[in-house]
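Okay, query-v9.txt now, which holds compact mmCIF, C-alpha atoms and all ligand atoms:
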```
# COMPACT_ATOMS: atom_id res chain seq x y z
CA MET A 1 -27.18 1.21 32.46
CA ILE A 2 -28.13 2.25 28.97
CA LYS A 3 -31.24 4.38 28.29
CA GLU A 4 -34.04 2.65 26.41
CA SER A 5 -33.98 5.18 23.55
CA ILE A 6 -30.26 4.56 22.99
CA GLU A 7 -30.61 0.79 23.32
CA GLU A 8 -33.35 0.77 20.69
CA ALA A 9 -31.42 3.04 18.33
CA ILE A 10 -28.26 0.91 18.53
CA ASN A 11 -30.22 -2.32 18.07
CA THR A 12 -31.81 -0.75 14.98
CA GLN A 13 -28.42 0.30 13.63
CA ALA A 14 -26.98 -3.19 14.28
CA ASN A 15 -29.86 -4.47 12.13
CA ARG A 16 -28.88 -2.02 9.35
CA GLU A 17 -25.30 -3.33 9.59
CA PHE A 18 -26.58 -6.91 9.24
CA TYR A 19 -28.65 -5.71 6.27
CA SER A 20 -25.44 -4.25 4.76
CA SER A 21 -23.85 -7.66 5.20
CA TYR A 22 -26.81 -9.27 3.39
CA LEU A 23 -26.69 -6.67 0.63
CA TYR A 24 -23.00 -7.28 -0.04
CA LEU A 25 -23.43 -11.04 0.15
CA SER A 26 -26.13 -10.70 -2.50
CA MET A 27 -23.72 -8.61 -4.58
CA ALA A 28 -21.05 -11.34 -4.14
CA ALA A 29 -23.56 -13.83 -5.58
CA TYR A 30 -24.28 -11.44 -8.48
CA PHE A 31 -20.59 -10.92 -9.32
CA GLU A 32 -19.79 -14.61 -9.06
CA SER A 33 -22.75 -15.39 -11.36
CA ILE A 34 -21.11 -13.25 -14.07
CA ASN A 35 -17.67 -14.80 -13.46
CA LEU A 36 -16.12 -11.79 -11.76
CA LYS A 37 -14.69 -13.77 -8.85
CA GLY A 38 -12.37 -10.96 -7.73
CA PHE A 39 -15.33 -8.59 -7.31
CA GLY A 40 -17.11 -11.45 -5.53
CA ASN A 41 -14.14 -11.75 -3.16
CA TRP A 42 -14.18 -8.01 -2.45
CA MET A 43 -17.86 -8.27 -1.53
CA ARG A 44 -17.27 -11.34 0.66
CA VAL A 45 -14.66 -9.39 2.60
CA GLN A 46 -17.14 -6.52 2.86
CA VAL A 47 -19.64 -8.97 4.39
CA GLN A 48 -17.10 -9.70 7.15
CA GLU A 49 -16.58 -5.97 7.71
CA GLU A 50 -20.33 -5.43 8.10
CA ASN A 51 -20.71 -8.39 10.45
CA PHE A 52 -17.94 -6.84 12.52
CA HIS A 53 -19.78 -3.48 12.58
CA ALA A 54 -23.00 -5.19 13.69
CA MET A 55 -21.33 -7.34 16.36
CA LYS A 56 -19.50 -4.38 17.85
CA MET A 57 -22.90 -2.74 18.49
CA PHE A 58 -24.41 -5.99 19.75
CA ASP A 59 -21.53 -6.36 22.24
CA TYR A 60 -21.73 -2.72 23.26
CA VAL A 61 -25.43 -2.91 24.20
CA ILE A 62 -24.70 -5.99 26.34
CA ALA A 63 -21.63 -4.38 27.95
CA ARG A 64 -23.81 -1.42 29.00
CA GLY A 65 -26.31 -3.70 30.72
CA GLY A 66 -28.87 -3.46 27.92
CA ARG A 67 -30.58 -6.14 25.87
CA ALA A 68 -29.31 -6.77 22.33
CA LYS A 69 -32.38 -7.58 20.25
CA LEU A 70 -32.23 -9.09 16.78
CA LEU A 71 -34.71 -7.67 14.30
CA PRO A 72 -35.82 -9.11 10.95
CA ILE A 73 -33.31 -8.55 8.16
CA GLU A 74 -34.83 -7.11 5.01
CA ALA A 75 -34.24 -9.08 1.81
CA PRO A 76 -31.67 -7.34 -0.41
CA PRO A 77 -31.96 -6.93 -4.20
CA THR A 78 -30.52 -9.83 -6.16
CA GLU A 79 -29.72 -8.32 -9.57
CA TRP A 80 -27.81 -5.31 -10.87
CA ASP A 81 -27.54 -4.20 -14.49
CA SER A 82 -23.73 -4.00 -14.44
CA PRO A 83 -20.71 -3.88 -12.10
CA LEU A 84 -20.94 -0.09 -12.38
CA LYS A 85 -24.57 -0.12 -11.15
CA ALA A 86 -23.64 -2.41 -8.25
CA PHE A 87 -20.88 -0.03 -7.17
CA GLU A 88 -23.12 3.03 -7.59
CA HIS A 89 -25.49 1.23 -5.22
CA THR A 90 -22.62 0.40 -2.82
CA TYR A 91 -21.45 4.01 -2.69
CA GLU A 92 -25.00 5.36 -2.19
CA HIS A 93 -25.61 2.76 0.49
CA GLU A 94 -22.47 3.75 2.41
CA GLN A 95 -23.48 7.42 2.23
CA LYS A 96 -26.85 6.45 3.72
CA VAL A 97 -25.13 4.52 6.53
CA THR A 98 -22.97 7.57 7.27
CA GLY A 99 -26.20 9.58 7.66
CA LEU A 100 -27.61 6.97 10.05
CA ILE A 101 -24.43 7.05 12.16
CA SER A 102 -24.60 10.86 12.26
CA ASN A 103 -28.18 10.63 13.55
CA LEU A 104 -27.02 8.24 16.29
CA VAL A 105 -24.23 10.64 17.27
CA LYS A 106 -26.82 13.46 17.53
CA LEU A 107 -29.07 11.26 19.68
CA ALA A 108 -26.21 10.23 22.01
CA SER A 109 -25.30 13.87 22.40
CA SER A 110 -28.87 15.07 23.09
CA GLU A 111 -29.36 12.22 25.61
CA GLU A 112 -26.01 13.15 27.21
CA ASP A 113 -24.79 9.56 26.80
CA TYR A 114 -21.07 10.23 26.39
CA ALA A 115 -20.01 6.57 26.50
CA THR A 116 -22.18 5.92 23.44
CA TYR A 117 -20.98 9.15 21.87
CA ASN A 118 -17.36 7.94 22.27
CA MET A 119 -18.13 4.44 20.99
CA LEU A 120 -19.72 5.97 17.87
CA GLN A 121 -16.59 7.94 16.99
CA TRP A 122 -15.10 4.64 15.77
CA TYR A 123 -17.98 4.36 13.27
CA VAL A 124 -17.59 7.98 12.19
CA LYS A 125 -13.97 7.22 11.21
CA GLU A 126 -14.89 3.85 9.71
CA GLN A 127 -17.49 5.47 7.45
CA VAL A 128 -14.83 7.74 5.94
CA GLU A 129 -13.00 4.57 4.83
CA GLU A 130 -16.19 2.80 3.77
CA GLU A 131 -17.20 5.66 1.49
CA SER A 132 -13.72 6.14 0.12
CA SER A 133 -13.12 2.47 -0.78
CA ALA A 134 -16.53 2.23 -2.55
CA SER A 135 -15.99 5.52 -4.36
CA GLU A 136 -12.47 4.52 -5.51
CA ILE A 137 -13.77 1.36 -7.21
CA LEU A 138 -16.77 3.24 -8.63
CA GLU A 139 -14.44 5.82 -10.22
CA LYS A 140 -12.27 3.04 -11.71
CA LEU A 141 -15.37 1.41 -13.20
CA LYS A 142 -16.39 4.72 -14.76
CA MET A 143 -12.93 4.99 -16.37
CA ILE A 144 -13.07 1.37 -17.56
CA GLY A 145 -16.37 1.86 -19.43
CA GLU A 146 -16.75 -0.98 -21.93
CA ASP A 147 -13.08 -2.08 -21.82
CA LYS A 148 -13.31 -5.80 -20.91
CA ASN A 149 -9.54 -6.22 -20.42
CA ALA A 150 -9.42 -3.36 -17.95
CA LEU A 151 -12.40 -4.88 -16.12
CA LEU A 152 -10.57 -8.21 -15.82
CA MET A 153 -7.49 -6.41 -14.51
CA LEU A 154 -9.59 -4.75 -11.83
CA ASP A 155 -11.15 -8.11 -11.04
CA ARG A 156 -7.65 -9.52 -10.42
CA GLU A 157 -6.84 -6.57 -8.16
CA LEU A 158 -10.02 -7.04 -6.09
CA ALA A 159 -9.25 -10.75 -5.71
CA GLN A 160 -6.34 -9.72 -3.43
CA ARG A 161 -8.53 -8.17 -0.74
CA VAL A 162 -8.38 -9.93 2.63
CA PHE A 163 -10.28 -9.24 5.83
CA ASN A 164 -8.23 -7.70 8.62
CA PRO A 165 -10.30 -7.33 11.78
CA PRO A 166 -10.12 -3.62 12.68
CA VAL A 167 -8.21 -2.76 15.84
CA VAL A 168 -10.83 -1.49 18.27
CA THR A 169 -9.43 1.15 20.58
CA GLU A 170 -12.69 2.68 21.78
FE1 LIG A 201 -21.14 -0.77 8.25
FE2 LIG A 201 -20.34 -0.33 5.33
O1 LIG A 201 -20.82 0.38 6.95
```

Go through the file and emit its structure as structure tokens.
Amino acid sequence: MIKESIEEAINTQANREFYSSYLYLSMAAYFESINLKGFGNWMRVQVQEENFHAMKMFDYVIARGGRAKLLPIEAPPTEWDSPLKAFEHTYEHEQKVTGLISNLVKLASSEEDYATYNMLQWYVKEQVEEESSASEILEKLKMIGEDKNALLMLDRELAQRVFNPPVVTE
């Protein structure tokens, strides 16, 4: 049986993961509105990643005999000044999520809930990838600057991204 404090914290984090999904879906709409369909595709795949993150927590709470509770999802922003600004936001957002996961790890440890502590290690690893993929595109956008051809080349590259459900071993 899961402790109430842990159940509440995981339900809250699942909500933040659903918010991440909403945020990236809003970014997909932004990119597609400025005809950058490849960027839009990258964001749509990111939406699937975030839904996966949220559902893994939802399933975990249930598996531990707790009650998965769905909380209101905050409305995300709808406009960004440029692709660069959207990716600055993405990178900052992922850094924030890493901080939230670290807080959960601390809580699981102080509550001596080692099953939750183990489950969270998957997210610790996942956040390394989340930050690195956002930062890689952000750095490319900085290099691109005002070069429209280079931007279109990156758009074509991002159009190739497909969702591969992560293999869950923990
Ligand atoms: Fe669920 Fe992008 O971290």

Contact residues around A:Asn103 with all atoms listed in the file at 12 Å, ignoring same-chain residues under 5 positions, as JSON, numbers by chain: {"A": [6, 9, 10, 13, 96, 97, 98, 108, 109, 110, 117, 120, 123, 124]}

Selection as a ChimeraX atom specification: residues within 12 Å of ligand LIG 201 (chain A) by all atoms listed in the file: /A:13-24,43,45-57,89-101,120,122-134

Selected residue of minimal separation from A:Ile2 among A:Tyr114, A:Phe87, A:Phe163, A:Tyr30, counting all atoms listed in the file: A:Tyr114

For A:Ala63: contacts at 12 Å, only C-alpha atoms, fewer than 3 positions along chain excluded, given as a PyMOL selection string: chain A and resi 1-2+7+55-60+66-68+115-116+119

Among the residues A:Val167, A:Ile34, A:Leu138, A:Leu154, the one that comes closest to A:Glu79 [using all atoms listed in the file]: A:Ile34
